[in-house]
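The structure appears right after this line, and notes come after that.
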Amino acid sequence: MEKQQKNILKEPTPNYEKAEDDLLKNGLNRSYTERFLMMTTLMKRNIMFSKAIIKHKPLSSSKE
């Protein structure tokens, strides 16, 4: 039993604060051109999704 417990690997605990800081640092390293292109892409998607019409089609029952 003791050998089995020694072989168990423990997963590292996620460090969300460090991940958030890394994303912010990467964002600040982008050039103004990259930031502008990302902003325009997000604006285009926002317009596309705001005009989207979502229709719900009920699922047909499989017992028929």
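Labels used: A, B, ... for chains in the order of the structure tokens, numbers from 1 for residues in each chain, and numbers from 1 for ligands as shown.
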Determine which residues of chain A receive a DSSP assignment of alpha helix (DSSP H), computed from the backbone, and state them as a ChimeraX atom specification.
/A:2-7,16-28,32-51
What's the separation between CA of Leu59 in chain A and CA of Arg45 in chain A, in Å to one decimal place?
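Value for the CA of Leu59 in chain A-CA of Arg45 in chain A distance: 28.7 Å.
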Tell me, in Å to one decimal, how far CA of Met43 in chain A is from CA of Asp21 in chain A.
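Separation of CA of Met43 in chain A and CA of Asp21 in chain A: 24.8 Å.
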